[in-house]
Structure formats: structure tokens, C-alpha cells
Amino acid sequence: MTTLTLKSQPAVPLEAETITPDRFLGKSNAEIAALPVTYGNQRATLGDWFAITGDGAPEIVLEGDLSRAKQIGLGMTQGKITIHGDAGMHLGATMRGGEIAVHGNAGDWAGAEMQGGLIRIMGNAGHGLGGAYRGSRRGMKKGTIIVTGNAGNELGATMRRGLIAVLGNVGDFCGAFMIAGSILVFGQLGARAGAGLKRGTIVTFQPPELLPTFRGACTYQPIFLRMLLEQLRGLGVEIAEDKMEGRYRRYVGDMNALGKGEILVWEGK
Amino acid sequence: MTLYINGVEIEDTFAEGFKMWGTRVIITGKNRKWALEAATKMTGFATSVIGCKCEAGIEGEVTDTPDGRPGFSVLLFTPSKDDLSKRLMERIGQTVMTCPTTACFNGLVSDTTMSIGGQLRYFGDGYQASKVIGGRRFWRIPVMEGEFLIEEKFGMQRSVGGGNFLVLGENVDATLEATERAAEAMQKVRGVALPFPGGIVRSGSKTRSRYKFLIASTNDAYCPTLRGSVESALPEGVNSVLEIVIDGLDLPSVEESTRVGVRAACIPGIRRISAGNYGGTLGQFQIHLHKVLA
């Protein structure tokens, strides 16, 4: 395990994409300290900003308020990053494997275009969680994101595959232009959820305000949803039995797009 | 060397097993009744590859099913890989998909797989949808009742068919009781299926016939009513013979099943336990009774 403790709060963003288990693996603390970061428009090293201890194993612990440290875990493929504090923008973006756990909040674009692995955010997440960057055609393609708190706008926008679960509320345009995958929101959905939805599933456990381009289909007990919820249970998320055994109202849409997506609304047991 | 268990003679012979391909299917339902109904239908008319194109049986009840509902595992065997895929498609499509509330999952982890849900999905006529859960792809096929969920790929592996033993009894009651006890004990062994009714077969066959249009006919040497008419294999005092046929995902499972079954069958009224073989000339496996009981 390698522990990085923030020495002082950056005044401007610190681009820290070198903080990944892939880059740390097999390196000494001195070598890790020499890895480059960008502080504002200046070149710096990890050692300039962090006190580093540990053995270079593919498990990294970050201590301090890292809300201005961007791109932590960018593209990582293995290992684990644990952050005791807030994390900045682009956390775990494009990651392919491994796990990131944030014991605090995460900034915008966490898990953007990720292709595998697991991100757990114990606080709130910003906008664009698991989404696609501007101009990009695909959001999250694989992997799992679990947010204990709330999440911002455009969650899972254009996502292609994977699972996002938010235990709190989410902002507007949740799952906009989604191609496939699953989004589960245990709190309140924001406005225009599923706008432009082609395929994929948005599940909500609170009465939503749906776009008129979604049509009610039926009320039933989807078996696949039990399995998704069971998967979340396996990841430590508490799911009440009435959600597992519950009835769900199925709305199909978005009829302005392909119309093969769905919003499932829990109606109770 | 003569071996006796509870006074029952165990003949020093062997069952001759054959190479098969096998798979395991997990069927779940809203409750135990419907899961069992589908499993029973799926394994119906699947006693022998000669007449049924496949052999299948319910392996047992499953408590930790993928969707957390009541379920049963089914084993299905065919002589070839291609046949296995075809038979599985037919049977799941006609007996599981049609059965209310069921879902169907792969129960065999293997590098060799066949696309079953990936083919059955076309029944959805374009309205089918896939979902990847835990790295496994499932297909949601809309049906009148709601939705049929089936896993895309099912594993298959080289297996063993034709394991067997014969119970030679003084009368039909004792022989039936012995084989019932054996079948019940053998149901607890994982990885095996007993494809015949109740796991028991009364019309064992030999691989020839006096009629050109038949490739198999009654095993006359073991028919008590033909003692005196043919060269009988039955000792005096034996008036009824029943057989248990065993298909297994691997040889150790078949051997264990044989061991458990033979021991359970050794009750008063049984004179001898034997096994069916072709002198070792046809099958790839030999399950020696004395060896498995040692």
C-alpha cells in the first residue's frame, strides 16, 4: 500500500492523472515522488504536493481534501485507490479496471467514459457522472458506479453499458441519449430523465415526472432487476426486500428516439 | 474374488460408458411448483439418445439460484456438441420459455459454450433486449405473461453416458423397492442424471435384433420369462430385474453415483447386482463394480 498525504491545499487545479496503481506499480517512493503533475500552468511532481509512504503495491490511499486534484485514477486498469476526503473532477475517467473508493464527494465527470472497474462515492457526485465528454458518442461502456449521496445533471448520458446506482437524488437529464446499460436512482429523478433514450434502463423508486414521449406499458416484476439489485447487495448496498419483490410500472421510450428504452417506476410490493 | 454387501452378491463386472457432451441448466420460477413443472417438462421424453435424441434428468433442487427464486438444475446429454445445442434450443424453447414465470440460466462454467439465449432471443421479434449483469449477458424476451429471461450462453463439457447397474431380485416388489432406494440415494450426488422414469428402467436392451429395422431389442439374457428359452444370465431364484442408467458430467460423478446406488440397493430380496456392458468393445469408459465399491 502506498499512502499519499496532501501537504497543502492547491489554489488552482492540480492535474494528477499519474495517481494510478498502474503508474505506481513496482516503483520506489522516490520514483513515485518524481512522477509529473501539472499545477495550474506549471510542471511539478507528486512529491511537491504529497508526502509519500508505502511500498509501491497497487493499492493507493490518498489523505486530504483533493477536491482540486483532477483525473485521479484516469484510465487505471487494476488495483485500488481509496480517498479519505473529496476528489476533484474526472475521477476514474476512462478507467478499465480496479476500484476507486471516495470517502467524500467527487467532482464532475467522475467515471466519464469508463470501460470497467468499480467506483464507489460515499458522498455526492457532480455532473456528468459516467457520461460522455462533449463531442463524444459514447459514455460509460462497462463497469459499476455507486453513489451513496446525490448526483448532478446528465448522469449516464450516452452510456453504452454498465451500471450506475445513486442512493440519493439526481439532477436533470439523467440517462439522456442513453444507448444501453442500467441506471438505478433510489432518490428523486430530476427533469427530463431519459430524454433521447434509445435503449437501456432507468429505474426509479420515487414517483417521477416523465417526459410525454414515454408511454406506459404495464406493471410487472422484472426478473433481471432482481439480479441487478442482488448484484448491488453483493457490493454492500442495502436493498430493502420490498424493492426486490416489488412491482414496477414500465414506461417505454423515448419515442422521439429509437424508443426501445425503459423507465421502471417502483410501485411497491 | 466374490464381493457381498448385506448378503447381496456384487458381480465382478463393469458398466460400459460412452463419451457424451453434457450441460447443466438452472430453471427458476415464481415458486417451487412452477420451477419443477418446467424442469419436469424439459426432461420429459429424454430417456435414451436412441429414441429421444438426448438424455436428460433433474439433477436436484438449487437453493442459490441466480435470481434468488426457487429453482432446479437439469442435466442434458447428447452424443455430439452440435446435437447438444439443437436439443437444448428445442427443449428450452418449448418447455421452459412456455412455462409461466420461469427464467433459465447456465449452470455449467466451461470454456466451451453454445449460444442458446442468443438464438432464442429472436422469438422477441426485435423487441428483445439484453442486459449484462455481473459480466454475463442475459436476454429479456417479451412474452404474453411478461418477460422471459434467459442467459445468452450455456457451457458444455465432455461427459459420460451409459453408466448403469442391474438389480436382480427375487420378485418385482423387492427389486422395485431396491431400485427406488438406489435412485433416491443417487439423486443426492451432484453431476449425474438418471434419465429413465423415476431413474429406473425395466426394458434394458441389447444392441442387435433379429429384425433388420431394429438396432436394439430386449435384453433377453436378463428377461426372467425367457429363462429356459435363451441362454439366461439370471441365477436361480431371480424373477425380476431392474436397471438404473446413469449419465454424468464426469467419470468420478458416475462412479460415485454407482457406489451410492449399489449400496442402497443391497436389501433383502435382492440376489445379485450386475452391470451392462459390451465386453469393453464399444464404450470408452469402464466402471467396475468391485473397484467403485472398494
# chains A, B, ... in the order shown; residues from 1 in each chain; ligands from 1
>>> closest_atom_pairs(of="chain B", to="chain A", cutoff="12 Å", atoms="only C-alpha atoms", output="JSON lines")
{"residue": "B:Thr28", "atom": "CA", "partner": "A:Ile223", "partner_atom": "CA", "distance": 10.2}
{"residue": "B:Gly29", "atom": "CA", "partner": "A:Ile223", "partner_atom": "CA", "distance": 9.9}
{"residue": "B:Lys30", "atom": "CA", "partner": "A:Ile223", "partner_atom": "CA", "distance": 9.7}
{"residue": "B:Asp64", "atom": "CA", "partner": "A:Glu230", "partner_atom": "CA", "distance": 11.7}
{"residue": "B:Thr65", "atom": "CA", "partner": "A:Met227", "partner_atom": "CA", "distance": 10.1}
{"residue": "B:Pro66", "atom": "CA", "partner": "A:Met227", "partner_atom": "CA", "distance": 6.9}
{"residue": "B:Asp67", "atom": "CA", "partner": "A:Met227", "partner_atom": "CA", "distance": 5.3}
{"residue": "B:Gly68", "atom": "CA", "partner": "A:Arg226", "partner_atom": "CA", "distance": 7.8}
{"residue": "B:Arg69", "atom": "CA", "partner": "A:Ile223", "partner_atom": "CA", "distance": 9.4}
{"residue": "B:Thr101", "atom": "CA", "partner": "A:Ile223", "partner_atom": "CA", "distance": 9.2}
{"residue": "B:Thr102", "atom": "CA", "partner": "A:Ile223", "partner_atom": "CA", "distance": 9.3}
{"residue": "B:Ala103", "atom": "CA", "partner": "A:Ile223", "partner_atom": "CA", "distance": 7.8}
{"residue": "B:Cys104", "atom": "CA", "partner": "A:Ile223", "partner_atom": "CA", "distance": 10.8}
{"residue": "B:Phe105", "atom": "CA", "partner": "A:Phe224", "partner_atom": "CA", "distance": 11.6}
{"residue": "B:Gly126", "atom": "CA", "partner": "A:Lys260", "partner_atom": "CA", "distance": 9.8}
{"residue": "B:Tyr127", "atom": "CA", "partner": "A:Lys260", "partner_atom": "CA", "distance": 7.6}
{"residue": "B:Gln128", "atom": "CA", "partner": "A:Lys260", "partner_atom": "CA", "distance": 9.3}
{"residue": "B:Ala129", "atom": "CA", "partner": "A:Arg199", "partner_atom": "CA", "distance": 8.3}
{"residue": "B:Ser130", "atom": "CA", "partner": "A:Gly200", "partner_atom": "CA", "distance": 8.8}
{"residue": "B:Lys131", "atom": "CA", "partner": "A:Gly181", "partner_atom": "CA", "distance": 7.2}
{"residue": "B:Val132", "atom": "CA", "partner": "A:Gly162", "partner_atom": "CA", "distance": 7.6}
{"residue": "B:Ile133", "atom": "CA", "partner": "A:Leu228", "partner_atom": "CA", "distance": 6.4}
{"residue": "B:Gly134", "atom": "CA", "partner": "A:Gln231", "partner_atom": "CA", "distance": 7.0}
{"residue": "B:Gly135", "atom": "CA", "partner": "A:Gly143", "partner_atom": "CA", "distance": 9.3}
{"residue": "B:Arg136", "atom": "CA", "partner": "A:Met227", "partner_atom": "CA", "distance": 11.1}
{"residue": "B:Arg137", "atom": "CA", "partner": "A:Phe224", "partner_atom": "CA", "distance": 10.6}
{"residue": "B:Phe138", "atom": "CA", "partner": "A:Phe224", "partner_atom": "CA", "distance": 8.2}
{"residue": "B:Trp139", "atom": "CA", "partner": "A:Phe224", "partner_atom": "CA", "distance": 9.1}
{"residue": "B:Arg140", "atom": "CA", "partner": "A:Phe224", "partner_atom": "CA", "distance": 7.9}
{"residue": "B:Ile141", "atom": "CA", "partner": "A:Phe224", "partner_atom": "CA", "distance": 11.2}
{"residue": "B:Pro142", "atom": "CA", "partner": "A:Pro222", "partner_atom": "CA", "distance": 10.8}
{"residue": "B:Met144", "atom": "CA", "partner": "A:Cys218", "partner_atom": "CA", "distance": 11.4}
{"residue": "B:Glu145", "atom": "CA", "partner": "A:Tyr220", "partner_atom": "CA", "distance": 9.3}
{"residue": "B:Gly146", "atom": "CA", "partner": "A:Tyr220", "partner_atom": "CA", "distance": 6.9}
{"residue": "B:Glu147", "atom": "CA", "partner": "A:Pro222", "partner_atom": "CA", "distance": 7.1}
{"residue": "B:Phe148", "atom": "CA", "partner": "A:Ile223", "partner_atom": "CA", "distance": 8.4}
{"residue": "B:Leu149", "atom": "CA", "partner": "A:Ile223", "partner_atom": "CA", "distance": 7.0}
{"residue": "B:Ile150", "atom": "CA", "partner": "A:Phe224", "partner_atom": "CA", "distance": 9.5}
{"residue": "B:Glu151", "atom": "CA", "partner": "A:Phe224", "partner_atom": "CA", "distance": 10.5}
>>> residues_around(residues="A:Leu210", least_positions_apart="6", cutoff="8 Å", atoms="only C-alpha atoms", output="number ranges by chain")
A: 191-193
>>> write_last_selection(atoms="N, CA, C and O atoms", output="PDB file, in the first residue's frame")
ATOM      1  N   ALA A 191     -35.491  16.581 -13.830  1.00  0.00           N
ATOM      2  CA  ALA A 191     -36.343  16.790 -15.003  1.00  0.00           C
ATOM      3  C   ALA A 191     -35.764  16.090 -16.229  1.00  0.00           C
ATOM      4  O   ALA A 191     -34.567  15.874 -16.333  1.00  0.00           O
ATOM      5  N   ARG A 192     -36.654  15.713 -17.117  1.00  0.00           N
ATOM      6  CA  ARG A 192     -36.301  15.187 -18.448  1.00  0.00           C
ATOM      7  C   ARG A 192     -35.410  13.941 -18.390  1.00  0.00           C
ATOM      8  O   ARG A 192     -34.515  13.777 -19.221  1.00  0.00           O
ATOM      9  N   ALA A 193     -35.665  13.112 -17.436  1.00  0.00           N
ATOM     10  CA  ALA A 193     -34.905  11.848 -17.360  1.00  0.00           C
ATOM     11  C   ALA A 193     -35.176  11.020 -18.609  1.00  0.00           C
ATOM     12  O   ALA A 193     -36.308  10.924 -19.075  1.00  0.00           O
TER      13      ALA A 193
END
>>> atom_distance(atom1="atom CA of A:Gly253", atom2="atom CA of A:Asn153")
19.7 Å
>>> residues_around(residues="A:Lys141", least_positions_apart="4", cutoff="8 Å", atoms="only C-alpha atoms", output="MDAnalysis selection string")
chainID A and resid 113:116 159:162
>>> select_by_dssp(residues="stretch 203-277 of chain B", states="alpha helix (DSSP H)", output="list in words")
Leu251, Pro252, Ser253, Val254, Glu255, Glu256, Ser257, Thr258, Arg259, Val260, Gly261, Val262, Arg263, Ala264 and Ala265 of chain B
>>> residues_around(residues="A:Gly196", least_positions_apart="3", cutoff="10 Å", atoms="only C-alpha atoms", output="list of chain:residue names")
A:Ala157, A:Thr158, A:Phe173, A:Gly175, A:Ala176, A:Phe177, A:Met178, A:Ile179, A:Arg192, A:Ala193, A:Arg199, A:Thr213, A:Gly253, A:Asp254, A:Met255, A:Asn256, A:Ala257, A:Leu258, A:Gly259, A:Gly261
>>> atom_distance(atom1="atom CA of B:Gly22", atom2="atom CA of B:Cys54")
9.8 Å
>>> closest_residue(among="B:Gly248, B:Pro79, B:Gly44, B:Gly204", to="B:Arg24", atoms="only C-alpha atoms")
B:Gly248
>>> select_by_dssp(residues="stretch 3-193 of chain B", states="strand (DSSP E)", output="compact mmCIF listing (two decimals) with N, CA and C atoms, in the first residue's frame")
# COMPACT_ATOMS: atom_id res chain seq x y z
N LEU B 3 -17.63 -60.54 -3.90
CA LEU B 3 -17.94 -59.43 -3.00
C LEU B 3 -19.42 -59.46 -2.65
N TYR B 4 -19.69 -59.35 -1.36
CA TYR B 4 -21.09 -59.31 -0.91
C TYR B 4 -21.33 -58.04 -0.09
N ILE B 5 -22.46 -57.43 -0.28
CA ILE B 5 -22.89 -56.31 0.57
C ILE B 5 -24.26 -56.66 1.12
N VAL B 8 -25.83 -59.53 -0.46
CA VAL B 8 -26.13 -59.45 -1.89
C VAL B 8 -24.82 -59.59 -2.67
N GLU B 9 -24.82 -60.48 -3.62
CA GLU B 9 -23.60 -60.70 -4.41
C GLU B 9 -23.39 -59.54 -5.40
N ILE B 10 -22.18 -59.02 -5.40
CA ILE B 10 -21.82 -57.99 -6.38
C ILE B 10 -20.98 -58.68 -7.45
N PHE B 14 -18.42 -54.91 -15.13
CA PHE B 14 -18.34 -53.44 -15.25
C PHE B 14 -19.45 -52.91 -16.15
N ALA B 15 -19.78 -51.65 -15.89
CA ALA B 15 -20.68 -50.93 -16.78
C ALA B 15 -19.84 -50.26 -17.85
N GLU B 16 -20.36 -50.26 -19.05
CA GLU B 16 -19.60 -49.68 -20.16
C GLU B 16 -20.20 -48.32 -20.51
N GLY B 17 -19.43 -47.28 -20.28
CA GLY B 17 -19.91 -45.93 -20.54
C GLY B 17 -19.40 -45.37 -21.84
N PHE B 18 -20.10 -44.35 -22.32
CA PHE B 18 -19.77 -43.75 -23.62
C PHE B 18 -19.51 -42.26 -23.48
N LYS B 19 -18.72 -41.75 -24.41
CA LYS B 19 -18.48 -40.31 -24.45
C LYS B 19 -19.77 -39.59 -24.84
N MET B 20 -20.06 -38.57 -24.08
CA MET B 20 -21.22 -37.73 -24.40
C MET B 20 -20.79 -36.28 -24.22
N TRP B 21 -21.65 -35.37 -24.61
CA TRP B 21 -21.49 -33.96 -24.26
C TRP B 21 -22.64 -33.60 -23.34
N GLY B 22 -22.32 -32.87 -22.29
CA GLY B 22 -23.35 -32.56 -21.31
C GLY B 22 -23.39 -31.09 -20.96
N THR B 23 -24.53 -30.67 -20.44
CA THR B 23 -24.68 -29.30 -19.97
C THR B 23 -25.58 -29.28 -18.74
N ARG B 24 -25.51 -28.18 -18.01
CA ARG B 24 -26.37 -28.02 -16.83
C ARG B 24 -27.18 -26.73 -17.01
N VAL B 25 -28.46 -26.83 -16.82
CA VAL B 25 -29.38 -25.69 -16.95
C VAL B 25 -30.05 -25.44 -15.61
N ILE B 26 -30.09 -24.19 -15.19
CA ILE B 26 -30.80 -23.85 -13.96
C ILE B 26 -32.13 -23.20 -14.36
N ILE B 27 -33.20 -23.77 -13.88
CA ILE B 27 -34.54 -23.24 -14.18
C ILE B 27 -35.14 -22.71 -12.89
N THR B 28 -35.57 -21.46 -12.93
CA THR B 28 -36.21 -20.88 -11.74
C THR B 28 -37.65 -20.52 -12.07
N GLU B 55 -30.53 -37.38 -23.66
CA GLU B 55 -30.87 -37.95 -22.35
C GLU B 55 -30.81 -36.83 -21.33
N ALA B 56 -31.80 -36.75 -20.47
CA ALA B 56 -31.84 -35.63 -19.52
C ALA B 56 -32.48 -36.08 -18.23
N GLY B 57 -32.18 -35.34 -17.20
CA GLY B 57 -32.79 -35.62 -15.91
C GLY B 57 -32.64 -34.42 -15.00
N ILE B 58 -33.48 -34.38 -13.99
CA ILE B 58 -33.37 -33.31 -12.99
C ILE B 58 -32.26 -33.69 -12.03
N GLU B 59 -31.26 -32.83 -11.94
CA GLU B 59 -30.13 -33.10 -11.06
C GLU B 59 -30.50 -32.88 -9.61
N GLY B 60 -31.28 -31.85 -9.37
CA GLY B 60 -31.69 -31.58 -7.99
C GLY B 60 -32.21 -30.17 -7.83
N GLU B 61 -32.63 -29.87 -6.61
CA GLU B 61 -33.12 -28.54 -6.30
C GLU B 61 -31.94 -27.62 -6.02
N VAL B 62 -32.06 -26.37 -6.43
CA VAL B 62 -30.98 -25.41 -6.25
C VAL B 62 -31.46 -24.32 -5.29
N GLY B 71 -35.53 -22.96 -7.59
CA GLY B 71 -35.05 -23.46 -8.88
C GLY B 71 -34.59 -24.91 -8.84
N PHE B 72 -34.45 -25.47 -10.01
CA PHE B 72 -33.96 -26.83 -10.18
C PHE B 72 -32.89 -26.84 -11.25
N SER B 73 -31.92 -27.72 -11.09
CA SER B 73 -30.92 -27.88 -12.14
C SER B 73 -31.23 -29.13 -12.94
N VAL B 74 -31.02 -29.00 -14.23
CA VAL B 74 -31.30 -30.08 -15.18
C VAL B 74 -30.02 -30.40 -15.93
N LEU B 75 -29.74 -31.66 -16.10
CA LEU B 75 -28.60 -32.08 -16.92
C LEU B 75 -29.12 -32.67 -18.22
N LEU B 76 -28.44 -32.33 -19.30
CA LEU B 76 -28.86 -32.84 -20.61
C LEU B 76 -27.63 -33.32 -21.36
N PHE B 77 -27.76 -34.47 -22.00
CA PHE B 77 -26.62 -35.12 -22.66
C PHE B 77 -26.98 -35.53 -24.08
N THR B 78 -26.00 -35.37 -24.96
CA THR B 78 -26.15 -35.86 -26.34
C THR B 78 -24.81 -36.44 -26.80
N ALA B 103 -37.44 -18.56 -15.53
CA ALA B 103 -36.24 -17.97 -16.13
C ALA B 103 -35.23 -19.10 -16.26
N CYS B 104 -34.24 -18.92 -17.13
CA CYS B 104 -33.36 -20.03 -17.46
C CYS B 104 -31.91 -19.56 -17.48
N PHE B 105 -31.06 -20.26 -16.74
CA PHE B 105 -29.67 -19.82 -16.58
C PHE B 105 -28.70 -20.96 -16.86
N ASN B 106 -27.52 -20.56 -17.30
CA ASN B 106 -26.44 -21.53 -17.45
C ASN B 106 -25.97 -22.00 -16.07
N THR B 113 -18.76 -23.12 -25.01
CA THR B 113 -20.12 -22.64 -24.78
C THR B 113 -20.94 -22.73 -26.06
N MET B 114 -22.24 -22.63 -25.89
CA MET B 114 -23.15 -22.59 -27.04
C MET B 114 -24.13 -21.45 -26.80
N SER B 115 -24.48 -20.79 -27.87
CA SER B 115 -25.39 -19.66 -27.77
C SER B 115 -26.82 -20.20 -27.77
N ALA B 129 -34.44 -7.54 -25.50
CA ALA B 129 -33.42 -6.62 -25.00
C ALA B 129 -32.41 -7.41 -24.19
N SER B 130 -31.17 -7.00 -24.26
CA SER B 130 -30.15 -7.71 -23.49
C SER B 130 -29.76 -6.91 -22.26
N LYS B 131 -29.23 -7.60 -21.31
CA LYS B 131 -28.74 -6.96 -20.09
C LYS B 131 -27.52 -7.73 -19.63
N VAL B 132 -26.44 -7.01 -19.40
CA VAL B 132 -25.22 -7.64 -18.89
C VAL B 132 -25.19 -7.43 -17.38
N ILE B 133 -25.23 -8.53 -16.65
CA ILE B 133 -25.24 -8.46 -15.18
C ILE B 133 -24.13 -9.34 -14.66
N ARG B 136 -22.20 -11.38 -17.23
CA ARG B 136 -22.92 -12.39 -18.02
C ARG B 136 -24.06 -11.69 -18.75
N ARG B 137 -24.23 -12.08 -20.02
CA ARG B 137 -25.29 -11.45 -20.81
C ARG B 137 -26.58 -12.27 -20.75
N PHE B 138 -27.66 -11.56 -20.52
CA PHE B 138 -28.99 -12.19 -20.47
C PHE B 138 -29.89 -11.54 -21.51
N TRP B 139 -30.86 -12.31 -21.95
CA TRP B 139 -31.82 -11.77 -22.91
C TRP B 139 -33.20 -11.73 -22.27
N ARG B 140 -33.84 -10.62 -22.46
CA ARG B 140 -35.20 -10.42 -21.98
C ARG B 140 -36.13 -10.54 -23.18
N ILE B 141 -36.89 -11.58 -23.21
CA ILE B 141 -37.78 -11.82 -24.36
C ILE B 141 -39.21 -11.52 -23.93
N PRO B 142 -39.84 -10.56 -24.57
CA PRO B 142 -41.22 -10.25 -24.18
C PRO B 142 -42.16 -11.41 -24.52
N VAL B 143 -42.95 -11.83 -23.56
CA VAL B 143 -43.96 -12.88 -23.77
C VAL B 143 -45.28 -12.39 -23.19
N GLY B 146 -45.38 -11.67 -19.52
CA GLY B 146 -44.49 -10.62 -19.03
C GLY B 146 -43.17 -10.65 -19.77
N GLU B 147 -42.21 -11.36 -19.19
CA GLU B 147 -40.88 -11.35 -19.78
C GLU B 147 -40.19 -12.67 -19.47
N PHE B 148 -39.58 -13.27 -20.47
CA PHE B 148 -38.80 -14.49 -20.24
C PHE B 148 -37.33 -14.11 -20.24
N LEU B 149 -36.64 -14.44 -19.17
CA LEU B 149 -35.22 -14.11 -19.04
C LEU B 149 -34.40 -15.37 -19.25
N ILE B 150 -33.43 -15.28 -20.15
CA ILE B 150 -32.57 -16.43 -20.41
C ILE B 150 -31.15 -15.97 -20.63
N GLU B 151 -30.22 -16.76 -20.14
CA GLU B 151 -28.81 -16.42 -20.31
C GLU B 151 -28.39 -16.66 -21.76
N LYS B 153 -25.35 -17.55 -23.10
CA LYS B 153 -24.50 -18.71 -23.39
C LYS B 153 -24.60 -19.76 -22.30
N PHE B 154 -24.53 -20.99 -22.72
CA PHE B 154 -24.54 -22.12 -21.79
C PHE B 154 -23.27 -22.93 -22.00
N GLY B 155 -22.70 -23.37 -20.92
CA GLY B 155 -21.48 -24.17 -21.00
C GLY B 155 -21.77 -25.61 -21.36
N GLN B 157 -19.58 -29.61 -21.65
CA GLN B 157 -18.31 -30.31 -21.42
C GLN B 157 -18.45 -31.78 -21.80
N ARG B 158 -17.31 -32.39 -22.05
CA ARG B 158 -17.30 -33.82 -22.33
C ARG B 158 -17.83 -34.55 -21.11
N SER B 159 -18.68 -35.51 -21.34
CA SER B 159 -19.36 -36.17 -20.24
C SER B 159 -19.38 -37.68 -20.46
N VAL B 160 -20.06 -38.35 -19.56
CA VAL B 160 -20.11 -39.81 -19.61
C VAL B 160 -21.57 -40.27 -19.61
N GLY B 161 -21.91 -41.06 -20.59
CA GLY B 161 -23.26 -41.62 -20.64
C GLY B 161 -23.22 -43.12 -20.52
N GLY B 162 -24.31 -43.69 -20.13
CA GLY B 162 -24.43 -45.15 -20.16
C GLY B 162 -23.92 -45.88 -18.94
N GLY B 163 -23.56 -45.13 -17.89
CA GLY B 163 -23.25 -45.82 -16.64
C GLY B 163 -24.50 -46.58 -16.20
N ASN B 164 -24.33 -47.73 -15.59
CA ASN B 164 -25.53 -48.49 -15.23
C ASN B 164 -25.20 -49.58 -14.22
N PHE B 165 -26.22 -50.07 -13.58
CA PHE B 165 -26.11 -51.35 -12.87
C PHE B 165 -27.48 -52.02 -12.86
N LEU B 166 -27.44 -53.32 -12.74
CA LEU B 166 -28.65 -54.14 -12.79
C LEU B 166 -28.93 -54.73 -11.41
N VAL B 167 -30.17 -54.66 -11.02
CA VAL B 167 -30.56 -55.21 -9.72
C VAL B 167 -31.38 -56.47 -9.98
N LEU B 168 -30.87 -57.58 -9.54
CA LEU B 168 -31.51 -58.87 -9.78
C LEU B 168 -32.21 -59.32 -8.49
N GLY B 169 -33.53 -59.34 -8.52
CA GLY B 169 -34.28 -59.62 -7.30
C GLY B 169 -35.13 -60.86 -7.37
N VAL B 192 -24.85 -35.85 -11.83
CA VAL B 192 -25.40 -37.02 -12.54
C VAL B 192 -26.90 -36.87 -12.73
N ALA B 193 -27.37 -37.50 -13.78
CA ALA B 193 -28.81 -37.55 -14.04
C ALA B 193 -29.19 -38.99 -14.29
>>> residues_around(residues="A:Ile72", least_positions_apart="5", cutoff="6 Å", atoms="only C-alpha atoms", output="list in words")
Ala16, Glu17, Ile19 and Leu91 of chain A
